[in-house]
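A short worksheet on the structure shown next.
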Amino acid sequence: MSQQFQAPPGTFDVLPPDSARYTELVARFAGHASRAGFGLIVQPMFEDVGVFQRLGGSTDIVRKEMYDFEDKGGRRIALRPEGTAPVARAYVQHRPSVPWKVWYLTPKFRYERPQAGRFKQHHEVGAEALGTDDADLDVELIALAWFFYADLGLSRVRLLLNSLGDGTCRPAYRAALQAFLEARRDQLCDEHKDRIADNPLRVLDCKRPACQEATKDAPRQLDHLCEPCAAHFARVTSGLDALGIPHTVETRLVRGMDYYTRTTFEFAAEALESAQNAVGGGGRYDGLVEQLGGPATPGIGFGLGIERILLACDAEGVFAVPESRTDVFIVDTTGQAATRLAHRLRQAGVRCDRAFDGRSMKAQMKAADRAGARLALIIGDDEAAAGTVSVRGLQGLRGEGGQETVAMDDVVDYVRGLLT
């Protein structure tokens, strides 16, 4: 017996009808993004490893989560673990006019222990805007994600907000936090005892009780913001208030990337009981383009995890799998008409399917039921001789169970009238 292969651990297959939710989710996000002036960017799923190494050596995805390898040309390559750095790389390479606003759909790869909502490969929609440090753009990005969640029916999403300052005010805060943590080194978890010097801010993000307790009175970046950063954050919060978007200031929120400056944000799904309840997040990265060899260019963006969003939708009982994937099923026992009629219906925008392999009328009607079709178009020998089609109402259609005879030349218009 030949070997039966399965998807690698930490990956998964999405089959119909569940995959219809992916299609619809992406379509809705694309609609929100395009209405806000964002265009689609399509990029490689792998990059030169240096693109991600610029994220900082203290970033977990660089230290231990990145899939990287040497290709046959001797180049060091990494599968993309996040979406922002490749967009910044594309900006440096192509130098589009600013503000440059793009959205993307991408798989992401991280070597981590699989658990609910966390996989070695998952999928993300995201948006990035480069070329201005205007706080109103921060509000626009956050609003784009917020109202997208609402469009899916999610009502238990909480927006967490913080400011990480900039190159002017962060160094003094970092020094103060580092001194605070050094004095409490013995109280920290084993992972962070030796990481204080690398990135003390990451200790604030630790979810282990030891670090949470040791840092409960830690200095806050918000108390150390310079005047421009304080004014920027105030503009963001007032803009969100003006749009009616509730938010909670969370001074521990630092996110996972070293490139973040000023505004950082995260969306938490309160319907998910797991500690891993973030369904998206992002922030401003005003120095990233320079790190990748480009000119000084501010930017802000976010990524939203599709699988985690769908888990939140399930927990809230919203955005269910569509019940019907087919409007019309063609039942053709002559073997002559189905191909032509299916083509005519599809060209007219009607979702239709048919059976193959010369199945019986009974078998084809069962297939129509399994497909969730609303109409069956029946063509037997009598219909073929008369140039007609028998139209039978099926699931959820007015006149369900009834049957009408329609001329073949008129059936497309007749069907469209029934389905509207």
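To be explicit about the labels: the chains of the structure tokens are called A, B, and onward in the order shown, and within each one the residues are counted from 1, while ligands get numbers from 1 in the order they are shown.
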Review point. Hey, what does DSSP flag as alpha helix (DSSP H) within range 144-182 of chain A? Can you give it to me as a list in words?
Key: Leu144, Ala145, Trp146, Phe147, Phe148, Tyr149, Ala150, Asp151, Arg170, Pro171, Ala172, Tyr173, Arg174, Ala175, Ala176, Leu177, Gln178, Ala179, Phe180, Leu181 and Glu182 of chain A
Practice item. Can you list, as a ChimeraX atom specification, all residues belonging to range 173-301 of chain A that DSSP tags as strand (DSSP E)? Key: /A:248-249,261-269,278-284,299-301
Near-Pro99 in chain A list (7 Å; only C-alpha atoms; drop same-chain fewer than 5 positions) as a short mmCIF file (atom, residue, chain, number, x, y, z; two decimals) with N, CA and C atoms, in the first residue's frame:
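Below you can see around_38.cif, which holds the result:
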data_model
loop_
_atom_site.label_atom_id
_atom_site.label_comp_id
_atom_site.auth_asym_id
_atom_site.auth_seq_id
_atom_site.Cartn_x
_atom_site.Cartn_y
_atom_site.Cartn_z
N ALA A 129 -0.15 51.99 5.53
CA ALA A 129 -0.15 53.33 4.93
C ALA A 129 1.17 54.00 5.26
N LEU A 130 1.91 54.44 4.24
CA LEU A 130 3.23 55.04 4.42
C LEU A 130 3.25 56.44 3.84
N GLY A 131 4.03 57.31 4.49
CA GLY A 131 4.27 58.62 3.92
C GLY A 131 3.79 59.79 4.74
N THR A 132 3.10 59.55 5.86
CA THR A 132 2.66 60.66 6.70
C THR A 132 2.59 60.21 8.15
#
Any idea what's packed within 9 Å of Asp138 in chain A, counting only C-alpha atoms, ignoring anything in its chain fewer than 5 positions away? Could you give it as a JSON list (two decimals) with N, CA and C atoms, in the first residue's frame?
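Final file, out_33.json:
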[["chain", "number", "residue", "atom", "x", "y", "z"],
["A", 133, "ASP", "N", 2.91, 61.12, 9.07],
["A", 133, "ASP", "CA", 2.79, 60.81, 10.49],
["A", 133, "ASP", "C", 1.57, 61.46, 11.12],
["A", 143, "ALA", "N", -10.09, 52.59, 12.57],
["A", 143, "ALA", "CA", -11.50, 52.56, 12.21],
["A", 143, "ALA", "C", -11.78, 51.54, 11.12],
["A", 236, "VAL", "N", -5.17, 61.00, 18.50],
["A", 236, "VAL", "CA", -5.70, 59.68, 18.18],
["A", 236, "VAL", "C", -6.92, 59.37, 19.05],
["A", 263, "THR", "N", 1.77, 55.19, 18.31],
["A", 263, "THR", "CA", 0.51, 54.45, 18.47],
["A", 263, "THR", "C", 0.70, 52.94, 18.27],
["A", 283, "GLY", "N", 0.25, 49.04, 14.60],
["A", 283, "GLY", "CA", 0.79, 50.27, 15.17],
["A", 283, "GLY", "C", 1.62, 51.04, 14.16],
["A", 284, "ARG", "N", 2.21, 52.11, 14.67],
["A", 284, "ARG", "CA", 3.04, 53.00, 13.84],
["A", 284, "ARG", "C", 4.48, 52.50, 13.87],
["A", 300, "ILE", "N", 2.18, 53.29, 9.21],
["A", 300, "ILE", "CA", 1.33, 52.64, 10.22],
["A", 300, "ILE", "C", 0.54, 51.55, 9.52],
["A", 301, "GLY", "N", 0.24, 50.48, 10.24],
["A", 301, "GLY", "CA", -0.53, 49.39, 9.65],
["A", 301, "GLY", "C", -1.01, 48.40, 10.67]]
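Shortest atom-to-atom contact with Lys207 in chain A among A:Val411, A:Tyr149, A:His192, A:Glu140: A:His192, counting only C-alpha atoms.
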Check your understanding: What gap, in Å, lies between CA of Val279 in chain A and CA of Asp13 in chain A?
Key -> 20.4 Å
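Counting only C-alpha atoms and comparing A:Arg346, A:Arg262, A:Lys108, A:Arg325, the residue that lies closest to Pro16 in chain A is A:Arg325.
Each of A:Leu161, A:Ala7, A:Ala30, A:Ala179 was compared to Phe233 in chain A using only C-alpha atoms, and A:Leu161 turns out to be the nearest.
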Point to revise | Contact residues around Glu24 in chain A with only C-alpha atoms at 12 Å, ignoring same-chain residues under 3 positions, as a list in words | key: Pro17, Asp18, Ser19, Ala20, Arg21, Ala27, Arg28, Phe29, Ala30, Gly31, Asp151, Leu152, Ile306, Leu310, Phe319, Ala320, Val321 and Pro322 of chain A
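Going from CA of Arg255 in chain A over to CA of Val98 in chain A, you cover 26.1 Å.
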Check your understanding: What's the 10 Å shell around range 63-75 of chain A, counting only C-alpha atoms, without same-chain residues fewer than 6 positions away, as a PyMOL selection string?
Key -> chain A and resi 46-49+52-53+56-57+81-82+109-113+120
Keeping N, CA and C atoms, export the residues of the selection given above as a tab-separated table (two decimals), in the first residue's frame.
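So the final result, stored in part_33.tsv, reads:
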chain	number	residue	atom	x	y	z
A	46	PHE	N	7.98	34.59	0.36
A	46	PHE	CA	9.31	34.51	0.99
A	46	PHE	C	10.12	35.74	0.60
A	47	GLU	N	11.07	36.09	1.46
A	47	GLU	CA	11.91	37.26	1.29
A	47	GLU	C	13.34	36.91	1.68
A	48	ASP	N	14.27	37.77	1.30
A	48	ASP	CA	15.62	37.68	1.85
A	48	ASP	C	15.51	37.76	3.37
A	49	VAL	N	16.21	36.89	4.07
A	49	VAL	CA	16.07	36.83	5.52
A	49	VAL	C	16.40	38.16	6.18
A	52	PHE	N	13.60	40.52	7.51
A	52	PHE	CA	13.01	40.27	8.82
A	52	PHE	C	14.02	40.42	9.94
A	53	GLN	N	15.29	40.22	9.65
A	53	GLN	CA	16.30	40.43	10.69
A	53	GLN	C	16.36	41.89	11.11
A	56	GLY	N	14.74	43.27	14.52
A	56	GLY	CA	15.39	43.31	15.82
A	56	GLY	C	15.68	41.94	16.37
A	57	GLY	N	16.86	41.78	16.91
A	57	GLY	CA	17.28	40.48	17.44
A	57	GLY	C	16.52	40.04	18.67
A	81	PRO	N	6.99	35.78	8.13
A	81	PRO	CA	6.34	35.58	9.43
A	81	PRO	C	5.40	36.71	9.79
A	82	GLU	N	5.45	37.82	9.05
A	82	GLU	CA	4.56	38.96	9.31
A	82	GLU	C	4.47	39.78	8.04
A	109	PHE	N	3.95	32.34	8.33
A	109	PHE	CA	4.60	31.12	8.80
A	109	PHE	C	5.39	31.42	10.06
A	110	ARG	N	5.10	30.70	11.13
A	110	ARG	CA	5.87	30.82	12.35
A	110	ARG	C	6.02	29.44	12.98
A	111	TYR	N	7.23	29.15	13.39
A	111	TYR	CA	7.47	27.85	14.02
A	111	TYR	C	7.11	27.97	15.49
A	112	GLU	N	5.91	27.53	15.84
A	112	GLU	CA	5.44	27.62	17.21
A	112	GLU	C	4.54	26.44	17.50
A	113	ARG	N	4.29	26.21	18.76
A	113	ARG	CA	3.46	25.08	19.16
A	113	ARG	C	2.01	25.32	18.75
A	120	LYS	N	1.28	26.87	12.56
A	120	LYS	CA	2.56	27.17	11.91
A	120	LYS	C	2.34	27.89	10.58
Review point. Near Val350 in chain A, within 8 Å and counting only C-alpha atoms, which residues show up once chain neighbours fewer than 3 positions away are dropped, as a PyMOL selection string?
Key: chain A and resi 327-328+345-347+416
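The space separating CA of Asp357 in chain A from CA of Gln3 in chain A comes to 29.3 Å.
Proximity of A:Arg351, A:Val318, A:Asp413, A:Arg359 to Leu154 in chain A, computed with only C-alpha atoms, is greatest for A:Val318.
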